[in-house]
Amino acid sequence: MSESRLFFVIVNCPSEDVALQIGRAAIESGLAKAFNISAPMKTGYLWQGQYTENVEYQLLFKIEEASKAPLFELAKKMHPFEVAAIKALPITDTDPDYLAFVLDRNPR
């Protein structure tokens with residue numbers, strides 16, 4: 001895996017529809033090959049001094065490093081929140097066959 005680093009990119013979305021729209025756009029633009037959407041989860045946070053509770057869906061991508069910045073921009077542009085929760089975490093180990101799939105070296 002020395003030639004490319006993989007990342008989880010996680011986007012919290014206010015609805016399943018928003019998550020699907022961002023996920024589809026990422027695939028159609030070639031920034032990702034797949035995505036996952038979690039079941040609804042309850043979230044609580046402070047926003048502009050007020051405690052807020054909502055239901056959110058977590059959109060998860062596994063991508064190579066070169067797609068990270070463009071995916072952040074796409075998600076920010078499509079996300080309805082003023083400040084969207086978009087974050088990336090490095091993947092330190094993965095199955096070689098899955099790595100080839102993500103890097104599009106062995107498409108199936």
# chains A, B, ... in the order shown; residues from 1 in each chain; ligands from 1
>>> residues_around(residues="A:Phe72", least_positions_apart="2", cutoff="10 Å", atoms="only C-alpha atoms", output="list in words")
Val9, Ile10, Val11, Ser67, Lys68, Ala69, Pro70, Leu74, Ala75, Lys76, Lys77, Ala84, Ile86, Lys87 and Ala88 of chain A
>>> select_by_dssp(residues="chain A", states="alpha helix (DSSP H)", output="ChimeraX atom specification")
/A:16-28,68-78,96-102
>>> write_last_selection(atoms="C-alpha atoms", output="CSV table (one decimal), in the first residue's frame")
chain,number,residue,atom,x,y,z
A,16,GLU,CA,-31.1,9.8,4.1
A,17,ASP,CA,-31.9,11.8,0.9
A,18,VAL,CA,-29.1,14.3,1.4
A,19,ALA,CA,-26.7,11.4,2.1
A,20,LEU,CA,-27.8,9.6,-1.1
A,21,GLN,CA,-27.5,12.7,-3.2
A,22,ILE,CA,-23.9,13.4,-2.0
A,23,GLY,CA,-23.0,9.7,-2.3
A,24,ARG,CA,-24.3,9.5,-5.9
A,25,ALA,CA,-22.6,12.7,-6.9
A,26,ALA,CA,-19.3,11.4,-5.5
A,27,ILE,CA,-19.6,8.2,-7.6
A,28,GLU,CA,-20.7,10.0,-10.7
A,68,LYS,CA,-10.0,13.6,-0.3
A,69,ALA,CA,-9.9,17.4,-1.0
A,70,PRO,CA,-12.3,17.3,-4.0
A,71,LEU,CA,-14.7,15.1,-2.0
A,72,PHE,CA,-14.7,17.6,0.9
A,73,GLU,CA,-15.5,20.4,-1.6
A,74,LEU,CA,-18.3,18.4,-3.2
A,75,ALA,CA,-19.9,17.5,0.1
A,76,LYS,CA,-19.6,21.1,1.4
A,77,LYS,CA,-21.2,22.4,-1.7
A,78,MET,CA,-24.1,20.0,-1.6
A,96,PRO,CA,-5.2,-6.2,-0.7
A,97,ASP,CA,-8.1,-7.2,-2.9
A,98,TYR,CA,-10.3,-4.4,-1.5
A,99,LEU,CA,-7.4,-1.9,-1.9
A,100,ALA,CA,-7.2,-2.9,-5.6
A,101,PHE,CA,-10.9,-2.3,-5.9
A,102,VAL,CA,-10.8,1.2,-4.3
>>> select_by_dssp(residues="chain A", states="strand (DSSP E)", output="ChimeraX atom specification")
/A:6-13,35-37,41-47,50-64,86-91
>>> atom_distance(atom1="atom CA of A:Lys62", atom2="atom CA of A:Leu6")
6.7 Å
>>> atom_distance(atom1="atom CA of A:Ser38", atom2="atom CA of A:Glu64")
21.1 Å
>>> residues_around(residues="stretch 40-54 of chain A", least_positions_apart="5", cutoff="10 Å", atoms="only C-alpha atoms", output="list in words")
Asn12, Cys13, Pro14, Ser15, Glu16 and Val83 of chain A
>>> closest_residue(among="A:Leu103, A:Phe61, A:Thr92, A:Ala66", to="A:Ala34", atoms="only C-alpha atoms")
A:Phe61
>>> atom_distance(atom1="atom CA of A:Thr94", atom2="atom CA of A:Ile37")
20.1 Å
>>> residues_around(residues="A:Ile91", least_positions_apart="4", cutoff="8 Å", atoms="only C-alpha atoms", output="list in words")
Arg5, Leu6, Phe7 and Phe8 of chain A
>>> decode(residues="stretch 3-102 of chain A", atoms="C-alpha atoms", output="short mmCIF file (atom, residue, chain, number, x, y, z; two decimals), in the first residue's frame")
data_model
loop_
_atom_site.label_atom_id
_atom_site.label_comp_id
_atom_site.auth_asym_id
_atom_site.auth_seq_id
_atom_site.Cartn_x
_atom_site.Cartn_y
_atom_site.Cartn_z
CA GLU A 3 1.88 4.01 -3.44
CA SER A 4 -1.43 5.32 -2.10
CA ARG A 5 -3.01 6.07 1.25
CA LEU A 6 -6.66 5.30 1.87
CA PHE A 7 -9.05 7.33 3.99
CA PHE A 8 -12.49 7.04 5.48
CA VAL A 9 -14.39 10.24 4.73
CA ILE A 10 -17.40 10.65 7.00
CA VAL A 11 -20.18 13.15 6.33
CA ASN A 12 -23.02 13.60 8.81
CA CYS A 13 -26.22 14.35 6.89
CA PRO A 14 -29.62 15.59 8.08
CA SER A 15 -31.52 13.03 6.00
CA GLU A 16 -31.06 9.85 4.06
CA ASP A 17 -31.94 11.75 0.87
CA VAL A 18 -29.11 14.26 1.37
CA ALA A 19 -26.69 11.39 2.06
CA LEU A 20 -27.81 9.59 -1.11
CA GLN A 21 -27.47 12.75 -3.21
CA ILE A 22 -23.91 13.39 -2.00
CA GLY A 23 -22.99 9.70 -2.34
CA ARG A 24 -24.32 9.46 -5.90
CA ALA A 25 -22.58 12.69 -6.92
CA ALA A 26 -19.27 11.40 -5.53
CA ILE A 27 -19.58 8.20 -7.55
CA GLU A 28 -20.75 9.97 -10.72
CA SER A 29 -17.82 12.40 -10.50
CA GLY A 30 -15.32 9.58 -10.01
CA LEU A 31 -14.28 10.61 -6.49
CA ALA A 32 -15.49 7.35 -4.92
CA LYS A 33 -16.45 3.86 -6.06
CA ALA A 34 -18.88 3.13 -3.22
CA PHE A 35 -20.47 4.56 -0.09
CA ASN A 36 -22.36 3.41 2.99
CA ILE A 37 -25.15 5.16 4.85
CA SER A 38 -25.76 4.34 8.49
CA ALA A 39 -29.13 3.85 10.10
CA PRO A 40 -30.55 7.02 11.64
CA MET A 41 -28.68 8.12 14.75
CA LYS A 42 -29.52 10.69 17.36
CA THR A 43 -27.07 13.57 17.65
CA GLY A 44 -26.80 16.38 20.17
CA TYR A 45 -24.63 19.48 19.86
CA LEU A 46 -24.27 23.15 20.70
CA TRP A 47 -24.97 25.48 17.79
CA GLN A 48 -24.84 29.23 18.26
CA GLY A 49 -25.14 28.79 22.02
CA GLN A 50 -28.21 26.54 21.87
CA TYR A 51 -28.33 22.83 22.62
CA THR A 52 -29.85 20.99 19.65
CA GLU A 53 -30.90 17.38 19.07
CA ASN A 54 -31.51 15.93 15.62
CA VAL A 55 -31.49 12.71 13.69
CA GLU A 56 -28.59 12.32 11.28
CA TYR A 57 -27.29 9.74 8.83
CA GLN A 58 -23.59 9.07 8.54
CA LEU A 59 -22.32 8.83 4.97
CA LEU A 60 -19.06 6.86 4.74
CA PHE A 61 -16.63 6.68 1.84
CA LYS A 62 -13.37 4.74 1.48
CA ILE A 63 -11.21 6.70 -0.92
CA GLU A 64 -7.63 7.30 -1.95
CA GLU A 65 -5.84 10.42 -0.75
CA ALA A 66 -6.06 12.24 -4.10
CA SER A 67 -9.88 12.28 -3.87
CA LYS A 68 -10.02 13.65 -0.33
CA ALA A 69 -9.92 17.41 -0.98
CA PRO A 70 -12.28 17.30 -3.99
CA LEU A 71 -14.72 15.11 -2.03
CA PHE A 72 -14.67 17.58 0.87
CA GLU A 73 -15.51 20.39 -1.57
CA LEU A 74 -18.31 18.41 -3.21
CA ALA A 75 -19.86 17.50 0.14
CA LYS A 76 -19.63 21.09 1.43
CA LYS A 77 -21.22 22.44 -1.75
CA MET A 78 -24.14 19.96 -1.62
CA HIS A 79 -24.67 19.92 2.16
CA PRO A 80 -27.56 22.04 3.50
CA PHE A 81 -25.86 22.90 6.82
CA GLU A 82 -23.91 26.14 7.24
CA VAL A 83 -21.12 24.09 8.83
CA ALA A 84 -21.15 20.45 7.80
CA ALA A 85 -19.47 17.70 9.84
CA ILE A 86 -17.04 16.33 7.25
CA LYS A 87 -13.95 14.51 8.44
CA ALA A 88 -11.31 12.09 7.20
CA LEU A 89 -9.52 9.30 9.03
CA PRO A 90 -6.58 7.35 7.61
CA ILE A 91 -7.07 3.65 6.97
CA THR A 92 -3.94 1.98 8.27
CA ASP A 93 -4.56 -1.53 6.99
CA THR A 94 -6.86 -3.16 4.46
CA ASP A 95 -7.29 -6.33 2.47
CA PRO A 96 -5.16 -6.19 -0.74
CA ASP A 97 -8.13 -7.16 -2.94
CA TYR A 98 -10.26 -4.37 -1.47
CA LEU A 99 -7.38 -1.93 -1.89
CA ALA A 100 -7.18 -2.86 -5.59
CA PHE A 101 -10.94 -2.27 -5.90
CA VAL A 102 -10.77 1.18 -4.29
#
